[in-house]
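work-v3.txt, holding compact mmCIF, C-alpha atoms and all ligand atoms:
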# COMPACT_ATOMS: atom_id res chain seq x y z
CA MET B 1 -5.13 13.58 -85.08
CA THR B 2 -3.27 10.56 -86.45
CA SER B 3 -2.52 7.36 -84.55
CA ASN B 4 0.42 5.00 -84.98
CA THR B 5 -1.48 2.00 -83.61
CA ARG B 6 -1.60 -0.93 -86.00
CA LYS B 7 -5.23 -1.66 -86.84
CA HIS B 8 -6.68 -4.85 -88.32
CA THR B 9 -10.28 -4.96 -89.53
CA ILE B 10 -11.91 -8.35 -89.08
CA ALA B 11 -15.24 -9.63 -90.42
CA VAL B 12 -16.57 -11.96 -87.70
CA ILE B 13 -18.96 -14.70 -88.85
CA PRO B 14 -19.84 -17.23 -86.11
CA GLY B 15 -22.10 -19.35 -88.39
CA ASP B 16 -24.00 -22.32 -86.98
CA GLY B 17 -24.11 -24.53 -83.90
CA ILE B 18 -20.97 -24.47 -81.77
CA GLY B 19 -19.56 -21.80 -84.10
CA LYS B 20 -21.70 -19.36 -82.11
CA GLU B 21 -20.17 -20.62 -78.83
CA VAL B 22 -16.51 -20.85 -79.75
CA MET B 23 -16.37 -17.56 -81.66
CA PRO B 24 -16.73 -15.32 -78.54
CA GLU B 25 -13.76 -17.18 -77.03
CA GLY B 26 -11.70 -16.64 -80.18
CA MET B 27 -12.54 -12.92 -80.00
CA ARG B 28 -11.81 -12.78 -76.27
CA VAL B 29 -8.28 -14.08 -76.88
CA LEU B 30 -7.77 -11.82 -79.92
CA GLU B 31 -8.79 -8.74 -77.94
CA ARG B 32 -6.51 -9.70 -75.09
CA ALA B 33 -3.62 -10.18 -77.53
CA ALA B 34 -4.38 -6.80 -79.13
CA ALA B 35 -4.25 -5.08 -75.72
CA LEU B 36 -0.98 -6.78 -74.80
CA PHE B 37 0.82 -6.41 -78.12
CA GLY B 38 -0.27 -2.89 -79.04
CA PHE B 39 -2.56 -3.32 -82.01
CA GLU B 40 -6.24 -2.66 -82.54
CA ILE B 41 -8.92 -5.04 -83.78
CA GLU B 42 -11.84 -3.40 -85.55
CA GLN B 43 -14.53 -6.06 -85.66
CA LYS B 44 -17.77 -6.23 -87.62
CA TRP B 45 -20.04 -9.19 -86.78
CA HIS B 46 -22.32 -10.70 -89.43
CA ASP B 47 -25.38 -12.86 -88.80
CA PHE B 48 -25.38 -14.46 -92.25
CA ALA B 49 -23.60 -17.53 -93.68
CA CYS B 50 -25.64 -19.68 -91.30
CA CYS B 51 -28.76 -21.81 -91.42
CA ASP B 52 -30.76 -19.41 -89.15
CA TYR B 53 -30.32 -16.79 -91.85
CA TYR B 54 -31.49 -19.35 -94.42
CA ALA B 55 -34.62 -20.05 -92.35
CA ARG B 56 -35.46 -16.33 -92.39
CA HIS B 57 -34.43 -15.44 -95.95
CA GLY B 58 -34.38 -18.64 -98.01
CA ARG B 59 -30.66 -18.20 -98.75
CA MET B 60 -27.44 -18.44 -96.76
CA MET B 61 -26.22 -14.91 -97.43
CA PRO B 62 -27.69 -11.65 -98.72
CA GLU B 63 -27.27 -11.01 -102.44
CA ASN B 64 -24.98 -8.07 -101.66
CA TRP B 65 -22.86 -10.00 -99.13
CA LYS B 66 -19.62 -8.60 -100.54
CA GLU B 67 -20.80 -5.05 -99.94
CA GLU B 68 -21.94 -6.00 -96.44
CA ILE B 69 -18.53 -7.46 -95.65
CA GLY B 70 -16.63 -4.56 -97.21
CA ARG B 71 -12.87 -4.98 -97.46
CA PRO B 72 -11.70 -6.46 -94.14
CA ASP B 73 -8.10 -7.50 -93.60
CA ALA B 74 -9.33 -11.00 -92.75
CA ILE B 75 -12.48 -13.03 -92.10
CA PHE B 76 -12.81 -14.96 -88.86
CA PHE B 77 -15.29 -17.79 -89.35
CA GLY B 78 -16.88 -20.34 -86.98
CA ALA B 79 -18.67 -23.31 -88.52
CA VAL B 80 -21.45 -23.94 -90.99
CA GLY B 81 -24.16 -26.57 -91.27
CA TRP B 82 -27.43 -27.54 -89.63
CA PRO B 83 -28.59 -30.56 -91.60
CA ASP B 84 -32.03 -30.77 -89.90
CA THR B 85 -33.04 -27.54 -91.59
CA VAL B 86 -30.75 -27.06 -94.61
CA PRO B 87 -29.11 -29.84 -96.65
CA ASP B 88 -25.33 -29.77 -96.12
CA HIS B 89 -24.50 -29.15 -99.79
CA VAL B 90 -26.83 -26.12 -99.80
CA SER B 91 -25.36 -24.56 -96.64
CA LEU B 92 -21.75 -25.20 -97.70
CA TRP B 93 -22.14 -23.95 -101.29
CA GLY B 94 -24.15 -20.97 -100.08
CA SER B 95 -21.52 -19.77 -97.62
CA LEU B 96 -17.95 -21.09 -97.14
CA LEU B 97 -17.47 -22.16 -100.74
CA GLN B 98 -18.63 -18.71 -101.90
CA PHE B 99 -15.90 -17.09 -99.80
CA ARG B 100 -13.23 -19.51 -100.97
CA ARG B 101 -14.07 -18.97 -104.63
CA GLU B 102 -15.03 -15.31 -104.76
CA TYR B 103 -11.98 -14.34 -102.69
CA ASP B 104 -9.71 -16.76 -104.57
CA GLN B 105 -8.59 -18.43 -101.33
CA TYR B 106 -6.92 -21.17 -103.28
CA VAL B 107 -4.85 -22.57 -100.41
CA ASN B 108 -6.40 -24.33 -97.45
CA LEU B 109 -3.66 -24.62 -94.88
CA ARG B 110 -4.04 -26.92 -91.90
CA PRO B 111 -1.39 -27.84 -89.33
CA VAL B 112 -1.20 -31.33 -87.90
CA ARG B 113 0.62 -31.07 -84.59
CA LEU B 114 0.61 -33.20 -81.49
CA MET B 115 -0.19 -30.84 -78.61
CA PRO B 116 0.51 -31.27 -74.89
CA GLY B 117 -2.47 -32.65 -73.00
CA VAL B 118 -4.08 -34.15 -76.09
CA PRO B 119 -3.85 -37.93 -75.81
CA CYS B 120 -2.30 -39.32 -78.99
CA PRO B 121 -3.97 -42.56 -80.13
CA LEU B 122 -0.53 -43.78 -81.29
CA ALA B 123 1.66 -45.26 -78.61
CA GLY B 124 4.96 -43.61 -77.70
CA ARG B 125 4.45 -40.27 -79.48
CA GLU B 126 5.28 -37.05 -77.61
CA PRO B 127 4.50 -33.43 -78.56
CA GLY B 128 7.08 -32.47 -81.18
CA ASP B 129 7.09 -35.94 -82.81
CA ILE B 130 4.20 -35.13 -85.15
CA ASP B 131 4.33 -31.71 -86.76
CA PHE B 132 3.41 -31.22 -90.41
CA TRP B 133 1.17 -29.16 -92.69
CA VAL B 134 -1.57 -30.24 -95.05
CA VAL B 135 -1.96 -27.92 -98.05
CA ARG B 136 -5.30 -28.47 -99.75
CA GLU B 137 -6.24 -27.05 -103.14
CA ASN B 138 -9.30 -24.99 -102.27
CA THR B 139 -11.10 -23.63 -105.34
CA GLU B 140 -11.42 -26.36 -107.98
CA GLY B 141 -10.73 -30.10 -108.38
CA GLU B 142 -13.48 -32.44 -107.23
CA TYR B 143 -15.46 -29.52 -105.72
CA SER B 144 -16.81 -28.44 -109.08
CA SER B 145 -20.26 -27.40 -110.13
CA VAL B 146 -19.78 -28.86 -113.59
CA GLY B 147 -22.23 -31.66 -114.15
CA GLY B 148 -25.89 -32.41 -114.08
CA ILE B 149 -28.71 -34.91 -113.76
CA MET B 150 -30.48 -36.27 -116.79
CA PHE B 151 -33.86 -37.99 -116.63
CA PRO B 152 -34.26 -37.19 -112.92
CA ASN B 153 -36.50 -39.44 -110.86
CA THR B 154 -36.77 -42.05 -113.59
CA GLU B 155 -35.19 -45.43 -114.12
CA ARG B 156 -32.89 -43.79 -116.70
CA GLU B 157 -31.46 -41.30 -114.20
CA VAL B 158 -27.86 -40.26 -115.11
CA VAL B 159 -25.76 -38.20 -112.67
CA ILE B 160 -22.46 -36.66 -113.76
CA GLN B 161 -20.02 -34.39 -111.90
CA GLU B 162 -16.70 -33.41 -113.43
CA THR B 163 -13.38 -32.85 -111.68
CA VAL B 164 -11.83 -29.60 -112.89
CA MET B 165 -8.06 -29.09 -112.83
CA THR B 166 -6.56 -26.02 -114.44
CA ARG B 167 -2.85 -25.52 -115.07
CA ILE B 168 -2.96 -22.22 -113.17
CA GLY B 169 -4.97 -23.72 -110.31
CA VAL B 170 -2.75 -26.77 -109.86
CA ASP B 171 0.57 -24.98 -110.31
CA ARG B 172 -0.15 -22.19 -107.85
CA VAL B 173 -1.14 -24.47 -104.98
CA LEU B 174 1.86 -26.73 -105.66
CA ARG B 175 4.20 -23.70 -105.64
CA TYR B 176 2.72 -22.61 -102.31
CA ALA B 177 3.32 -26.10 -100.88
CA PHE B 178 6.90 -26.32 -102.22
CA ASP B 179 7.61 -22.80 -100.89
CA LEU B 180 6.36 -23.87 -97.48
CA ALA B 181 8.46 -27.07 -97.53
CA GLN B 182 11.52 -25.04 -98.55
CA LYS B 183 11.17 -22.92 -95.39
CA ARG B 184 11.09 -25.97 -93.13
CA GLU B 185 13.95 -27.95 -91.70
CA ARG B 186 13.19 -31.28 -93.36
CA LYS B 187 12.30 -29.70 -96.73
CA HIS B 188 10.14 -32.60 -97.82
CA LEU B 189 6.86 -32.63 -99.73
CA THR B 190 4.44 -35.52 -100.12
CA SER B 191 1.79 -35.41 -102.83
CA ALA B 192 -1.55 -37.24 -102.59
CA THR B 193 -2.57 -38.92 -105.83
CA LYS B 194 -4.70 -41.72 -107.23
CA SER B 195 -3.30 -41.82 -110.72
CA ASN B 196 -3.68 -45.60 -111.00
CA GLY B 197 -7.49 -45.31 -110.87
CA ILE B 198 -8.35 -41.71 -111.79
CA ALA B 199 -6.51 -41.86 -115.05
CA ILE B 200 -6.82 -38.33 -116.48
CA THR B 201 -6.78 -35.66 -113.77
CA MET B 202 -4.46 -37.45 -111.33
CA PRO B 203 -1.65 -38.28 -113.79
CA TYR B 204 -1.89 -34.59 -114.75
CA TRP B 205 -1.52 -33.61 -111.06
CA ASP B 206 1.52 -35.94 -110.77
CA GLN B 207 3.07 -34.41 -113.89
CA ARG B 208 2.68 -30.90 -112.50
CA VAL B 209 4.24 -32.01 -109.18
CA GLU B 210 7.32 -33.14 -111.14
CA ALA B 211 7.40 -29.92 -113.18
CA ILE B 212 7.05 -27.57 -110.19
CA GLY B 213 9.29 -29.79 -108.05
CA ALA B 214 12.10 -29.23 -110.56
CA GLU B 215 12.04 -25.54 -109.56
CA TYR B 216 12.90 -26.60 -105.98
CA PRO B 217 16.04 -28.77 -106.16
CA ASP B 218 16.57 -28.43 -102.40
CA VAL B 219 13.12 -29.91 -101.58
CA THR B 220 12.72 -33.68 -101.80
CA HIS B 221 9.33 -35.01 -102.80
CA ASP B 222 7.43 -38.25 -103.05
CA LYS B 223 3.87 -39.31 -103.80
CA TYR B 224 1.44 -41.84 -102.38
CA HIS B 225 -1.92 -43.05 -103.63
CA ILE B 226 -4.57 -41.66 -101.31
CA ASP B 227 -5.58 -45.08 -99.95
CA ILE B 228 -2.12 -46.00 -98.69
CA LEU B 229 -1.49 -42.39 -97.69
CA THR B 230 -4.43 -42.46 -95.27
CA ALA B 231 -3.00 -45.69 -93.83
CA GLN B 232 0.41 -43.99 -93.43
CA PHE B 233 -1.23 -41.04 -91.65
CA VAL B 234 -2.61 -43.48 -89.09
CA LEU B 235 0.51 -45.64 -88.76
CA ASN B 236 3.42 -43.23 -89.28
CA PRO B 237 2.29 -39.59 -89.06
CA ASP B 238 5.75 -38.58 -87.87
CA ARG B 239 7.23 -39.17 -91.33
CA PHE B 240 5.43 -36.19 -92.97
CA ASP B 241 6.55 -32.58 -93.38
CA VAL B 242 4.28 -30.89 -95.98
CA VAL B 243 1.50 -32.88 -97.64
CA VAL B 244 -0.30 -31.43 -100.67
CA GLY B 245 -3.55 -32.70 -102.13
CA SER B 246 -6.45 -31.84 -104.38
CA ASN B 247 -9.58 -30.32 -102.87
CA LEU B 248 -11.19 -33.63 -101.87
CA PHE B 249 -8.02 -35.51 -100.90
CA GLY B 250 -6.80 -32.48 -98.94
CA ASP B 251 -10.14 -32.23 -97.14
CA ILE B 252 -10.00 -35.86 -96.06
CA LEU B 253 -6.33 -35.74 -95.03
CA SER B 254 -6.72 -32.54 -93.05
CA ASP B 255 -9.46 -34.09 -90.88
CA LEU B 256 -7.62 -37.38 -90.58
CA GLY B 257 -4.32 -35.72 -89.59
CA PRO B 258 -5.67 -33.96 -86.49
CA ALA B 259 -7.68 -37.08 -85.59
CA CYS B 260 -4.39 -39.05 -85.60
CA THR B 261 -2.98 -36.54 -83.14
CA GLY B 262 -5.93 -37.00 -80.78
CA THR B 263 -8.82 -34.73 -81.83
CA ILE B 264 -10.02 -32.44 -84.59
CA GLY B 265 -11.52 -30.29 -81.81
CA VAL B 266 -8.33 -28.24 -81.48
CA ALA B 267 -7.33 -27.97 -85.16
CA PRO B 268 -7.31 -24.66 -87.02
CA SER B 269 -7.24 -23.74 -90.69
CA GLY B 270 -6.56 -20.85 -93.02
CA ASN B 271 -8.25 -20.35 -96.36
CA ILE B 272 -5.54 -18.23 -97.88
CA ASN B 273 -5.36 -15.82 -100.78
CA PRO B 274 -1.55 -15.66 -100.83
CA GLU B 275 -1.35 -12.58 -103.05
CA GLY B 276 -3.41 -10.56 -100.56
CA THR B 277 -5.69 -9.21 -103.28
CA HIS B 278 -8.65 -10.57 -101.28
CA PRO B 279 -9.16 -11.26 -97.59
CA SER B 280 -8.16 -14.67 -96.28
CA LEU B 281 -10.52 -16.62 -93.99
CA PHE B 282 -9.59 -18.46 -90.80
CA GLU B 283 -11.79 -21.13 -89.19
CA PRO B 284 -11.51 -24.22 -87.00
CA VAL B 285 -11.41 -27.51 -88.88
CA HIS B 286 -14.43 -28.79 -86.93
CA GLY B 287 -17.98 -28.21 -88.06
CA SER B 288 -21.08 -26.98 -86.23
CA ALA B 289 -21.42 -30.19 -84.11
CA PRO B 290 -25.24 -30.19 -83.69
CA ASP B 291 -24.93 -33.07 -81.16
CA ILE B 292 -23.28 -30.82 -78.54
CA ALA B 293 -24.42 -27.35 -79.67
CA GLY B 294 -26.06 -25.12 -77.05
CA GLN B 295 -24.52 -26.90 -74.05
CA GLY B 296 -21.48 -24.66 -73.55
CA ILE B 297 -19.11 -27.63 -73.64
CA ALA B 298 -17.47 -27.26 -77.07
CA ASN B 299 -13.69 -27.01 -77.19
CA PRO B 300 -12.76 -23.44 -78.25
CA VAL B 301 -9.10 -24.25 -79.00
CA GLY B 302 -9.66 -24.74 -82.77
CA GLN B 303 -11.16 -21.24 -82.97
CA ILE B 304 -8.41 -19.74 -80.79
CA TRP B 305 -5.61 -21.45 -82.72
CA SER B 306 -7.28 -20.11 -85.91
CA ALA B 307 -7.00 -16.63 -84.35
CA ALA B 308 -3.26 -17.22 -83.95
CA MET B 309 -2.99 -18.27 -87.62
CA MET B 310 -4.91 -15.14 -88.60
CA LEU B 311 -2.59 -12.89 -86.58
CA GLU B 312 0.47 -14.53 -88.13
CA HIS B 313 -1.05 -13.81 -91.56
CA LEU B 314 -1.66 -10.19 -90.53
CA GLY B 315 1.97 -9.72 -89.54
CA GLU B 316 1.46 -10.05 -85.76
CA ALA B 317 3.86 -12.98 -85.35
CA GLU B 318 4.75 -12.19 -81.75
CA ALA B 319 1.12 -12.14 -80.62
CA ALA B 320 0.42 -15.32 -82.59
CA ALA B 321 3.32 -17.13 -80.88
CA ALA B 322 2.13 -15.91 -77.47
CA ILE B 323 -1.38 -17.29 -78.13
CA MET B 324 0.13 -20.66 -79.03
CA ARG B 325 2.17 -20.70 -75.81
CA ALA B 326 -0.99 -19.89 -73.84
CA VAL B 327 -2.92 -22.65 -75.65
CA GLU B 328 -0.19 -25.17 -74.86
CA GLN B 329 -0.08 -24.09 -71.22
CA VAL B 330 -3.84 -24.49 -70.81
CA LEU B 331 -3.97 -27.81 -72.67
CA ALA B 332 -1.26 -29.10 -70.32
CA THR B 333 -3.50 -28.28 -67.32
CA PRO B 334 -6.04 -31.11 -66.87
CA SER B 335 -8.66 -28.99 -65.03
CA ALA B 336 -8.65 -26.30 -67.75
CA ARG B 337 -9.45 -28.73 -70.57
CA THR B 338 -12.90 -29.28 -72.02
CA ARG B 339 -14.77 -32.59 -71.75
CA ASP B 340 -13.61 -33.97 -75.10
CA LEU B 341 -10.11 -33.94 -73.56
CA LYS B 342 -11.31 -35.51 -70.32
CA GLY B 343 -11.45 -32.18 -68.46
CA ALA B 344 -14.44 -30.50 -66.85
CA ALA B 345 -14.09 -26.94 -68.16
CA GLY B 346 -16.83 -25.33 -70.23
CA THR B 347 -16.21 -23.46 -73.48
CA GLU B 348 -16.07 -20.10 -71.72
CA ASP B 349 -13.84 -21.35 -68.86
CA CYS B 350 -11.34 -22.68 -71.36
CA GLY B 351 -11.37 -19.46 -73.43
CA LYS B 352 -10.92 -17.35 -70.29
CA ALA B 353 -8.04 -19.54 -69.10
CA ILE B 354 -6.22 -19.06 -72.43
CA ALA B 355 -6.83 -15.28 -72.37
CA GLU B 356 -5.48 -15.13 -68.81
CA ALA B 357 -2.45 -17.28 -69.66
CA LEU B 358 -1.55 -14.68 -72.30
CA GLY B 359 -0.58 -12.35 -69.50
N1 LIG X 401 -15.34 -24.73 -89.66
C1 LIG X 401 -15.37 -25.72 -90.69
C2 LIG X 401 -16.74 -26.01 -91.18
O1 LIG X 401 -17.71 -25.45 -90.75
N2 LIG X 401 -16.79 -26.94 -92.12
C3 LIG X 401 -18.02 -27.33 -92.71
C4 LIG X 401 -17.81 -28.24 -93.88
O2 LIG X 401 -18.67 -29.06 -94.16
N3 LIG X 401 -16.71 -28.10 -94.59
C5 LIG X 401 -16.40 -28.88 -95.72
C6 LIG X 401 -15.20 -28.36 -96.42
O3 LIG X 401 -14.42 -27.61 -95.83
O4 LIG X 401 -15.02 -28.67 -97.57
Using structure tokens, write down the structure from this file.
Ligand code: GGG
Amino acid sequence: MTSNTRKHTIAVIPGDGIGKEVMPEGMRVLERAAALFGFEIEQKWHDFACCDYYARHGRMMPENWKEEIGRPDAIFFGAVGWPDTVPDHVSLWGSLLQFRREYDQYVNLRPVRLMPGVPCPLAGREPGDIDFWVVRENTEGEYSSVGGIMFPNTEREVVIQETVMTRIGVDRVLRYAFDLAQKRERKHLTSATKSNGIAITMPYWDQRVEAIGAEYPDVTHDKYHIDILTAQFVLNPDRFDVVVGSNLFGDILSDLGPACTGTIGVAPSGNINPEGTHPSLFEPVHGSAPDIAGQGIANPVGQIWSAAMMLEHLGEAEAAAAIMRAVEQVLATPSARTRDLKGAAGTEDCGKAIAEALG
């Protein structure tokens, strides 16, 4: 017997700390959306890519992790890191960065949007005033493994790490960012640079922005050095539309952006392989938050908003929009918010409220 139901296979990886608490809420809302909008979610949970796994096996993931994961339509990820047991660079390189590189997820896409019920630290801003995207290069740049240590643990110690920019790598993320800007009303792109100080890779980045920008005559663009750009994020976040940056600059800007709109606790992200030759991965911007893990108080909105981004990517735009309406409705209700937003709801209460608001 054949079925006409749309089916999406999802690899579910909760990871560490509050990742384990917010993931069930993300899945609760996804399942509710599937029931309401007539598609099926086939989920396979994985207990690797976390520091517990490292404690048992001496590595973050099994050697055959790709076989274990199979070929899902998308990966739904929580958070990684537990610095008391595994150094952060070991847990990150052993898990998330493996996915980003092996699956060529060269775009890290993060919205910066002022949401109802989230107090904006900037006076006079209302939801709708701040609404832009940060596009971060996600597979090369400053996150390179090229380098080494000479004469370790001696007075002559020398530590070198190279930034790697490839023409293909830079051009493809810039094209993605210009494409995105072209679809938006303001059609404006801002590039993060530091070409006055980093005098080889950053002038190259700037040159490629000009070259790719010429292919988009209807999109205006400008550039800021990263130092003044961070100041502009804090002072005038409403002036941005699409902001593109290298791996490190994009990482910094995409935490700072949500912080300027009140909290990174609600912010989502997509690690995207735009060609669809590999699965894309969706995760909240926040990390594992060891300080509040295990208390059931973490805000699940970042995970749930990531579920909406994942559904949009999978072609379920209607369900994704409905999740966002439900998120906005719950955030606008003081009693349904978690403690970080001055409410009293627990992680599960907040997830349930969003699932119920879906209908
Ligand atoms: N859910 C996001 C997360 O767990 N992030 C951990 C982290 O340290 N990320 C650094 C990065 O994205 O480069």
Q: Taking all atoms listed in the file into account, report as a VMD selection string which residues have an atom no farther than 8 Å from an atom of ligand LIG 401 (chain X).
A: chain B and resid 15 to 16 19 77 to 81 88 92 96 to 97 247 to 248 251 283 to 288
Q.
If I take atom CA of Ala34 of chain B and atom CA of Val301 of chain B, how far is one from the other in Å, to one decimal?
A.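 Straight-line distance from atom CA of Ala34 of chain B to atom CA of Val301 of chain B works out to 18.1 Å.
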Q. What separation in Å, quoted to one decimal, exists between atom CA of Met310 of chain B and atom CA of Phe39 of chain B?
A.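 These atoms are spaced 13.7 Å apart.
Taking only C-alpha atoms into account, Ile130 of chain B lies nearest to B:Cys260 out of the set B:Met202, B:Cys260, B:Ala353, B:Leu281.
Checking B:Thr85, B:Asn64, B:Ser254, B:Asn271 one by one against Met309 of chain B, counting only C-alpha atoms, you find the shortest gap at B:Asn271.
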Q. Using all atoms listed in the file, which residue out of B:Ile198, B:Glu318, B:Ala55, B:Asp238 lies closest to Gly124 of chain B?
A.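 Once distances to Gly124 of chain B are computed over all atoms listed in the file, the minimum belongs to B:Asp238.
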(Q) At a cut-off of 9 Å, using all atoms listed in the file, what residues contact Thr263 of chain B? Leave out same-chain residues fewer than 3 positions from it and give the result as a list in words. (A) Val118, Pro119, Cys120, Pro258, Ala259, Cys260, Val266, Ala267, Asp340 and Leu341 of chain B
**Q.** Expected residue set, 9 Å radius at (-7.9, -8.4, -104.1), only C-alpha atoms, as a list in words
**A.** Arg71, Tyr103, Asp104, Asn273, Glu275, Gly276, Thr277, His278 and Pro279 of chain B
Selection from above, C-alpha atoms, as a tab-separated table (two decimals), in the coordinates of the input, can you write it?
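Result file is again_25.tsv:
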chain	number	residue	atom	x	y	z
B	71	ARG	CA	-12.87	-4.98	-97.46
B	103	TYR	CA	-11.98	-14.34	-102.69
B	104	ASP	CA	-9.71	-16.76	-104.57
B	273	ASN	CA	-5.36	-15.82	-100.78
B	275	GLU	CA	-1.35	-12.58	-103.05
B	276	GLY	CA	-3.41	-10.56	-100.56
B	277	THR	CA	-5.69	-9.21	-103.28
B	278	HIS	CA	-8.65	-10.57	-101.28
B	279	PRO	CA	-9.16	-11.26	-97.59
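Closest to Ala332 of chain B among B:Met115, B:Ala317, B:Ile272, B:Val90 is B:Met115, based on only C-alpha atoms.
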Q. Between B:Ala357, B:Leu331, B:Ala344, B:Ile323, which one has atoms that come closest to Ala33 of chain B, using only C-alpha atoms?
A.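 Using only C-alpha atoms, the shortest distance to Ala33 of chain B belongs to B:Ile323.
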